[in-house]
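Some notes on the structure that comes next.
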Protein chains: 2
Amino acid sequence: MKLKDLSELLGLSPTTVSRALNGYPEVSEATRRKVIEAAEAHSYQPSSHAKRLATGRTHTIGHVVPIASHEMINPHFSDFIAGAGEAYAREGYDMLISVVPEADQERIYRNLASGKKVDGVIVHGPKANDPRIALLKSLDMPFLVHGRTDDPADSYSWLDVNNKRSFVRATQFLADLGHSRIALLNGLEDMNFARRRRAGYLEGLESRGLACDDRIMFSDEMIEPNGHRRMLQLLAMPERPGAVLTSSVLLAMGAVRAIQESGLKPGRDISIITHDDQLSFLQDVNAIPAFTATRSSIRDAGRRCAEMIIAIASNPGCPPVQELWEAELVVGASTGPALRLANSAKA
Amino acid sequence: MKLKDLSELLGLSPTTVSRALNGYPEVSEATRRKVIEAAEAHSYQPSSHAKRLATGRTHTIGHVVPIASHEMINPHFSDFIAGAGEAYAREGYDMLISVVPEADQERIYRNLASGKKVDGVIVHGPKANDPRIALLKSLDMPFLVHGRTDDPADSYSWLDVNNKRSFVRATQFLADLGHSRIALLNGLEDMNFARRRRAGYLEGLESRGLACDDRIMFSDEMIEPNGHRRMLQLLAMPERPGAVLTSSVLLAMGAVRAIQESGLKPGRDISIITHDDQLSFLQDVNAIPAFTATRSSIRDAGRRCAEMIIAIASNPGCPPVQELWEAELVVGASTGPALRLANSAKA
DNA sequence: AAAGTTCTCCAAAGCGCTTTGGCTTGGCTG
DNA sequence: CAGCCAAGCCAAAGCGCTTTGGAGAACTTT
């Protein structure tokens, strides 16, 4: 069923039918009602491509998801997409996903732009200094960054969690429990978010008069086995840290596994605090959460990013917009006061 | 830069340029070379929508991802997508993802079909008896199921892991280690794959002359906290199982956490064997894997599914194709012989 | 040398929609 | 009652590509 068929069926011109369906005022309400009813009755659905060709708008947002060199796809991806997808569905948008090796990214962005496949894109996993920003600006493609880069913050649109503040608070929280030796299991520090977290951690230490020690600061891909591996290293140190700050629940889980294998108890022998993106497959519904955490839902972020990019794409030329979210500090079972005994015995 | 511009620039007709670029034989090699060079020089990219409108082919595959009632997105999703995305990129296809509540699925499929947005779709997470099969057949939309339903196996195209066989083998493996009381932490058993796994488990028990016991068979969403919760239940039982078979590494991790919290050691006090989809964020690179597992890469499955649906979509009317993959049994550190002592003491 | 063939290329007609500009009609004003 | 205006509709021209049906030039064939 195409527009022409429907119009013939109704004894109207395609023009009128199109206008009736798209809410233009040049058609009487009586006619509009008839048209809409007929369209529903025959379940008429306009060809998206014809529409796109005619209007130039695609009602599609692109997500270019980089695969890191070691072939990892970011585990946070699925929850982000779930949130974004929800918003897209609500607004009648489609979501186009390209999974590409990092090296191919530029080609893909150019392809999306010149093929006019999308109205805008969301930039995932911004590096400290990310060439994609300049590229997208030069391509004149509307975009929104999930996270930030080191570029001037007001030169483009983004949504980010206040990573620095979160890690300041988390570090101070541990320090205030009496911990003086606090390790950091961070994400890869070529990522902007990880640098901000480290900065927050350092500021937190300094604000409490604690020294920092490079030997207990790590930067890895945020997956479970890395948490395990790094925790084993920490446990083997002569001056064993009494607390650990991790950048992801996956790292924290790996750390807990290592702690338990060593016959220790997390929250008693070693405190763990983590940033928690509230990945749905790790959500605990217990009253007392397993982990003390700075918490911010990545799914909500996905939802909001989608809303924002839609607004940006439908209103080209509008000034950039930014949103900075504060994470919530949730106290769970993985933290406790520093052990006088252990600390002094070791020190 | 559009086709017409390029053709004027070359002093040729749009027809000839189009044919040169699309490899039709009616154009001399000299001309073709010139056209291709010019196209590259000006980085000409045909408008995808114009192309789609003219040809009727979209070069796009749709993925409709259901969000379960409790708002969970399947954690296996991202790795599957990573694999599929790789194949799509290679073949010049786009991937359109719709994340929808289960109730809305039919509407979305109809929408994709009548809007001619995709050349085919991949069906995720088939239920035991899934209405989507009939729907897609009636919509005349090419599709491939990742997994299977209870429908006659040759009536549609699918790719699946031999879940039953895997679980027979895993169960027998445990039985042959001397375990006589083996628990099952399965996925949700409205899913076809989970039913097949249960069938395999039961067959495995029977083949070794072991009794089954409903009290130690669970069916849950496959997330870490559920593994933890169920394992605690099992540990509290008077006749504690000496071995557990889990349907996902996430469940297994939760189970291990519970075991360790109880001061026991996995692989010694309790054996765990799991199905492992090789999720990239849980991959262990150690020589000895943490878990004994039946292993089958969901990422490879995504890649292959994409290849298959492309073939199906480009060749409508071809008979359905199927692929059944065997999982590999990998022995890791989480299994060991049954403890005589513990068993007899308890029994 | 006339008549076929084969090579190259082109004009024009779609694909299914939106949108510009214009044409009726009926109701008002002066 | 002529003249004007708004309301409601339509014809036709795009959007940028592919594809059908030729047409002209260069080569063979008889």
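Residues in the structure tokens are named by chain (A, B, ... in the order shown) and by number from 1 within that chain; ligands are numbered from 1 in the order shown.
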* Asked: What residues in chain D lie within 12 Å of chain A, counting only C-alpha atoms (C1' of nucleotides), written as a PyMOL selection string?
  -> chain D and resi 6-17
* Residue hits in chain B, query chain A, radius 8 Å, only C-alpha atoms, as a PyMOL selection string -> chain B and resi 44-50+52-53+67+72-75+77-79+81-82+85-86+89+94-100+111+114-117+222-225+257+260-261+263+265+280-284
* CA of Glu40 in chain A and CA of Leu6 in chain A are how many Å apart? -> 10.7 Å
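Residue-level contacts from chain C to chain B at 10 Å, counting only C-alpha atoms (C1' of nucleotides), read DC7, DT8, DC9, DC10, DA11, DG14, DC15 and DG16 of chain C.
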So that I have them on file, write out the residues from the current selection with C-alpha atoms (C1' of nucleotides), as a short mmCIF file (atom, residue, chain, number, x, y, z; two decimals), in the first residue's frame.
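What landed in out-v7.cif:
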data_model
loop_
_atom_site.label_atom_id
_atom_site.label_comp_id
_atom_site.auth_asym_id
_atom_site.auth_seq_id
_atom_site.Cartn_x
_atom_site.Cartn_y
_atom_site.Cartn_z
"C1'" DC C 7 30.77 -1.10 -28.11
"C1'" DT C 8 29.80 2.97 -25.71
"C1'" DC C 9 27.12 6.00 -24.20
"C1'" DC C 10 22.68 8.75 -23.33
"C1'" DA C 11 17.68 10.56 -22.51
"C1'" DG C 14 10.64 5.60 -12.74
"C1'" DC C 15 11.21 4.58 -7.10
"C1'" DG C 16 7.35 6.91 -3.26
#
* To do: Run DSSP on the backbone and grab whatever in range 199-274 of chain B lands in strand (DSSP E); send it over as a ChimeraX atom specification.
  => /B:217-219,243-246,271-274
* All helix (DSSP H, G or I) positions in range 239-270 of chain A, as a PyMOL selection string -> chain A and resi 249-261
* Between A:Arg33, A:His179, A:His124, A:His42, which is the closest to Leu3 in chain A once you count only C-alpha atoms? -> A:His42
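Atom pair CA of Tyr201 in chain B / CA of Val249 in chain B: separated by 17.0 Å.
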* Expressed in Å to a single decimal, how great is the separation between CA of Arg169 in chain A and CA of Ile272 in chain A? ->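 Distance reported for this atom pair: 13.7 Å.
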* Could you pull the residues within 7 Å of Ala183 in chain A, counting only C-alpha atoms (C1' of nucleotides), minus those fewer than 2 positions along the same chain, as a ChimeraX atom specification? -> /A:181,185,216-217,241,243-245
Output C-alpha atoms of each residue in that selection to a file, as an mmCIF file, in the first residue's frame.
data_model
loop_
_atom_site.group_PDB
_atom_site.id
_atom_site.type_symbol
_atom_site.label_atom_id
_atom_site.label_comp_id
_atom_site.auth_asym_id
_atom_site.auth_seq_id
_atom_site.Cartn_x
_atom_site.Cartn_y
_atom_site.Cartn_z
ATOM 1 C CA ARG A 181 46.962 3.346 52.166
ATOM 2 C CA LEU A 185 42.268 0.184 40.083
ATOM 3 C CA ILE A 216 49.391 0.938 44.018
ATOM 4 C CA MET A 217 47.798 2.775 41.124
ATOM 5 C CA PRO A 241 46.792 -1.418 51.103
ATOM 6 C CA ALA A 243 41.434 -0.092 50.928
ATOM 7 C CA VAL A 244 40.926 -0.140 47.195
ATOM 8 C CA LEU A 245 39.083 2.205 44.906
#
* Selection: 12 Å around DG3 in chain D, only C-alpha atoms (C1' of nucleotides), excl. self and same-chain fewer than 6 positions, as number ranges by chain -> C: 28-30
